[in-house]
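> Have a look at this one before I ask anything.
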Amino acid sequence: SPMSEVWYILPSANMVQAARTLPEWKRQGYRVAVLQDARKFQTCADITIIAEQYCGWPWAVSELIKKALPAACDLIVTGGDDMYPDPNFTAAQIRDQFYQRFPDGFGVMQPIGDDMEGTDRICGSPWIGRGFFERINGGNLSPLWHGYFHSYADEELFNVATNLGVLWQRKDLVQLHDHWSRRNLPRPHYLRRAYGMWSKDQQLFFSRKVLGFPGHQPVPAKETV
């Protein structure tokens, strides 16, 4: 049933990486939706949306939720085109585990089996239930706080979900982050802007953290008829 679909939604500007990773998500039973900008290329994604200009990762996730996601989809995963799905479980199997833990979908699950330093301190490739992504941050359909360009959005999500008591860290699941630094490669040129915004994103994070992340509060759950 369409209800069992899990969508991996992400911005992608790297043709080589997308060709390496996205077929693996499809193979494990995920549907894939990609946002691209001027750097257009073919992928195996089920849906691709093209943006006039790229406004950052949180914005891209929000655009994909609003413009690409079927209304029946009740669970998303987001991250980058340098991430792989857990190889041992299908999307449907993990989805069932997620909904056993969060029957109303108000939850965030982060696999932390990847041993990359810092994986367990952020939500860098989170599973987010519809109950959460529809309600959090005042119900604006932007589960990653929209003020960030690229960095620290995953750390705010980690803090907010933890504070709300709805973060489930899974040591038994591995979503490998094939980060350029692990391959001793130079930073990809298209990430220059993201890293140029790093200190601005960092300042925003620490100023928001002190205030308890204003505006993150969830709107009430919709009444089910």
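Scheme for the structure tokens: letters A, B, ... for chains in order shown; per-chain residue numbers from 1; ligand numbers from 1 in order shown.
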From a backbone DSSP assignment, name each residue in range 2-160 of chain A labelled strand (DSSP E), as a VMD selection string.

chain A and resid 7 to 11 31 to 36 47 to 50 75 to 78 108 to 111 127 to 129

> What are the closest atom pairs, with distances in Å to one decimal, for each residue of range 120-169 of chain A lying within 10 Å of range 63-74 of chain A, using only C-alpha atoms, rows by chain and rising residue number, as a tab-separated table?


residue	atom	partner	partner_atom	distance
A:Ile128	CA	A:Asp74	CA	8.6
A:Gly129	CA	A:Asp74	CA	5.9
A:Arg130	CA	A:Asp74	CA	4.8
A:Gly131	CA	A:Asp74	CA	7.8
A:Phe132	CA	A:Asp74	CA	9.8
A:Phe133	CA	A:Ile65	CA	8.9
A:Glu134	CA	A:Ile65	CA	9.5
A:Asn140	CA	A:Lys66	CA	10.0
A:Leu141	CA	A:Ile65	CA	7.0
A:Ser142	CA	A:Ile65	CA	8.1
A:Pro143	CA	A:Ile65	CA	9.6

> From the options A:Asn137, A:Ser151, A:Gln53, A:Asn159, which residue's atoms come nearest to Gly196 in chain A, counting only C-alpha atoms?

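Among the listed residues, the smallest separation from Gly196 in chain A belongs to A:Ser151.
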
> Please provide the set of residues having any atom within 7 Å of range 40-52 of chain A, restricted to only C-alpha atoms, with same-chain residues fewer than 6 positions apart removed, written as a list in words.

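These residues fall inside the cut-off: Met15, Ala18, Ala19, Leu22, Pro23, Arg31, Val32, Ala33, Val34 and Ala68 of chain A.
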
> Considering only C-alpha atoms, state which residue in the set A:Glu223, A:Glu5, A:Glu155, A:Asp178 is at the smallest distance from Ile76 in chain A.

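Of the candidates, the smallest distance to Ile76 in chain A is held by A:Glu5.
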
> Find the residues around Pro58 in chain A up to 8 Å (only C-alpha atoms counted), leave out those fewer than 2 positions away in its own chain, and share them as an MDAnalysis selection string.

chainID A and resid 56 60:62 142:146 148:150 153

> Take the residues from that selection and put them in a file with N, CA and C atoms, as a PDB file, in the first residue's frame.


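Produced file result.pdb, reproduced below:
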ATOM      1  N   GLY A  56      19.375  26.285   0.356  1.00  0.00           N
ATOM      2  CA  GLY A  56      19.858  25.536   1.511  1.00  0.00           C
ATOM      3  C   GLY A  56      19.109  24.233   1.758  1.00  0.00           C
ATOM      4  N   ALA A  60      15.301  23.070   1.050  1.00  0.00           N
ATOM      5  CA  ALA A  60      15.091  22.023   0.043  1.00  0.00           C
ATOM      6  C   ALA A  60      14.172  20.928   0.576  1.00  0.00           C
ATOM      7  N   VAL A  61      14.377  20.528   1.829  1.00  0.00           N
ATOM      8  CA  VAL A  61      13.522  19.500   2.442  1.00  0.00           C
ATOM      9  C   VAL A  61      12.074  19.981   2.478  1.00  0.00           C
ATOM     10  N   SER A  62      11.886  21.237   2.854  1.00  0.00           N
ATOM     11  CA  SER A  62      10.538  21.811   2.908  1.00  0.00           C
ATOM     12  C   SER A  62       9.893  21.852   1.519  1.00  0.00           C
ATOM     13  N   SER A 142       8.479  22.584   7.577  1.00  0.00           N
ATOM     14  CA  SER A 142       9.936  22.652   7.471  1.00  0.00           C
ATOM     15  C   SER A 142      10.516  22.020   8.734  1.00  0.00           C
ATOM     16  N   PRO A 143      10.667  20.671   8.736  1.00  0.00           N
ATOM     17  CA  PRO A 143      11.116  20.007   9.963  1.00  0.00           C
ATOM     18  C   PRO A 143      12.533  20.390  10.377  1.00  0.00           C
ATOM     19  N   LEU A 144      13.354  20.835   9.405  1.00  0.00           N
ATOM     20  CA  LEU A 144      14.656  21.401   9.738  1.00  0.00           C
ATOM     21  C   LEU A 144      14.458  22.918   9.793  1.00  0.00           C
ATOM     22  N   TRP A 145      14.866  23.552  10.883  1.00  0.00           N
ATOM     23  CA  TRP A 145      14.590  24.984  11.071  1.00  0.00           C
ATOM     24  C   TRP A 145      15.050  25.795   9.854  1.00  0.00           C
ATOM     25  N   HIS A 146      14.130  26.577   9.297  1.00  0.00           N
ATOM     26  CA  HIS A 146      14.340  27.236   8.000  1.00  0.00           C
ATOM     27  C   HIS A 146      15.385  28.345   8.017  1.00  0.00           C
ATOM     28  N   TYR A 148      18.498  28.164   8.929  1.00  0.00           N
ATOM     29  CA  TYR A 148      19.842  27.697   8.587  1.00  0.00           C
ATOM     30  C   TYR A 148      19.968  27.522   7.081  1.00  0.00           C
ATOM     31  N   PHE A 149      21.196  27.706   6.584  1.00  0.00           N
ATOM     32  CA  PHE A 149      21.427  27.411   5.171  1.00  0.00           C
ATOM     33  C   PHE A 149      21.810  25.938   5.009  1.00  0.00           C
ATOM     34  N   HIS A 150      22.763  25.472   5.799  1.00  0.00           N
ATOM     35  CA  HIS A 150      23.242  24.098   5.617  1.00  0.00           C
ATOM     36  C   HIS A 150      23.636  23.459   6.946  1.00  0.00           C
ATOM     37  N   ALA A 153      21.470  22.734  11.213  1.00  0.00           N
ATOM     38  CA  ALA A 153      20.055  22.364  11.172  1.00  0.00           C
ATOM     39  C   ALA A 153      19.884  20.971  11.771  1.00  0.00           C
TER      40      ALA A 153
END

> So which one's closest to Arg182 in chain A, A:Ile112, A:Glu117, A:Gly212, A:Leu164? Using only C-alpha atoms, please.

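So, comparing all the options, the nearest one is A:Glu117.
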
> Would you please work out which residue, of A:Pro188, A:Leu176, A:Trp7, A:Glu156, is nearest to Leu204 in chain A when using only C-alpha atoms?

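Comparing A:Pro188, A:Leu176, A:Trp7, A:Glu156 against Leu204 in chain A, the winner is A:Glu156.
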
> Run DSSP on the backbone and tell me which residues of range 11-54 of chain A come out as helix (DSSP H, G or I); list them as a list of chain:residue names.

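So the helix (DSSP H, G or I) residues in range 11-54 of chain A would be A:Met15, A:Val16, A:Gln17, A:Ala18, A:Ala19, A:Arg20, A:Thr21, A:Leu22, A:Pro23, A:Glu24, A:Trp25, A:Lys26, A:Arg27.
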
> Could you check which of A:Gln202, A:Pro218, A:Pro126, A:Gln169 is closest to Gly138 in chain A, using only C-alpha atoms?

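Checking each candidate against Gly138 in chain A, we get A:Pro218 as the closest.
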
> Counting only C-alpha atoms, which residue out of A:Val6, A:Ile122, A:Leu185, A:Ala221 sits closest to Phe106 in chain A?

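Closest to Phe106 in chain A, using only C-alpha atoms: A:Ala221.
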
> Between CA of Pro214 in chain A and CA of Arg135 in chain A, measure the distance and give it in Å to one decimal.

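That distance, rounded to one decimal, is 14.6 Å.
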
> Record the distance separating CA of Ala194 in chain A and CA of Val166 in chain A, expressed in Å with one decimal.

28.5 Å
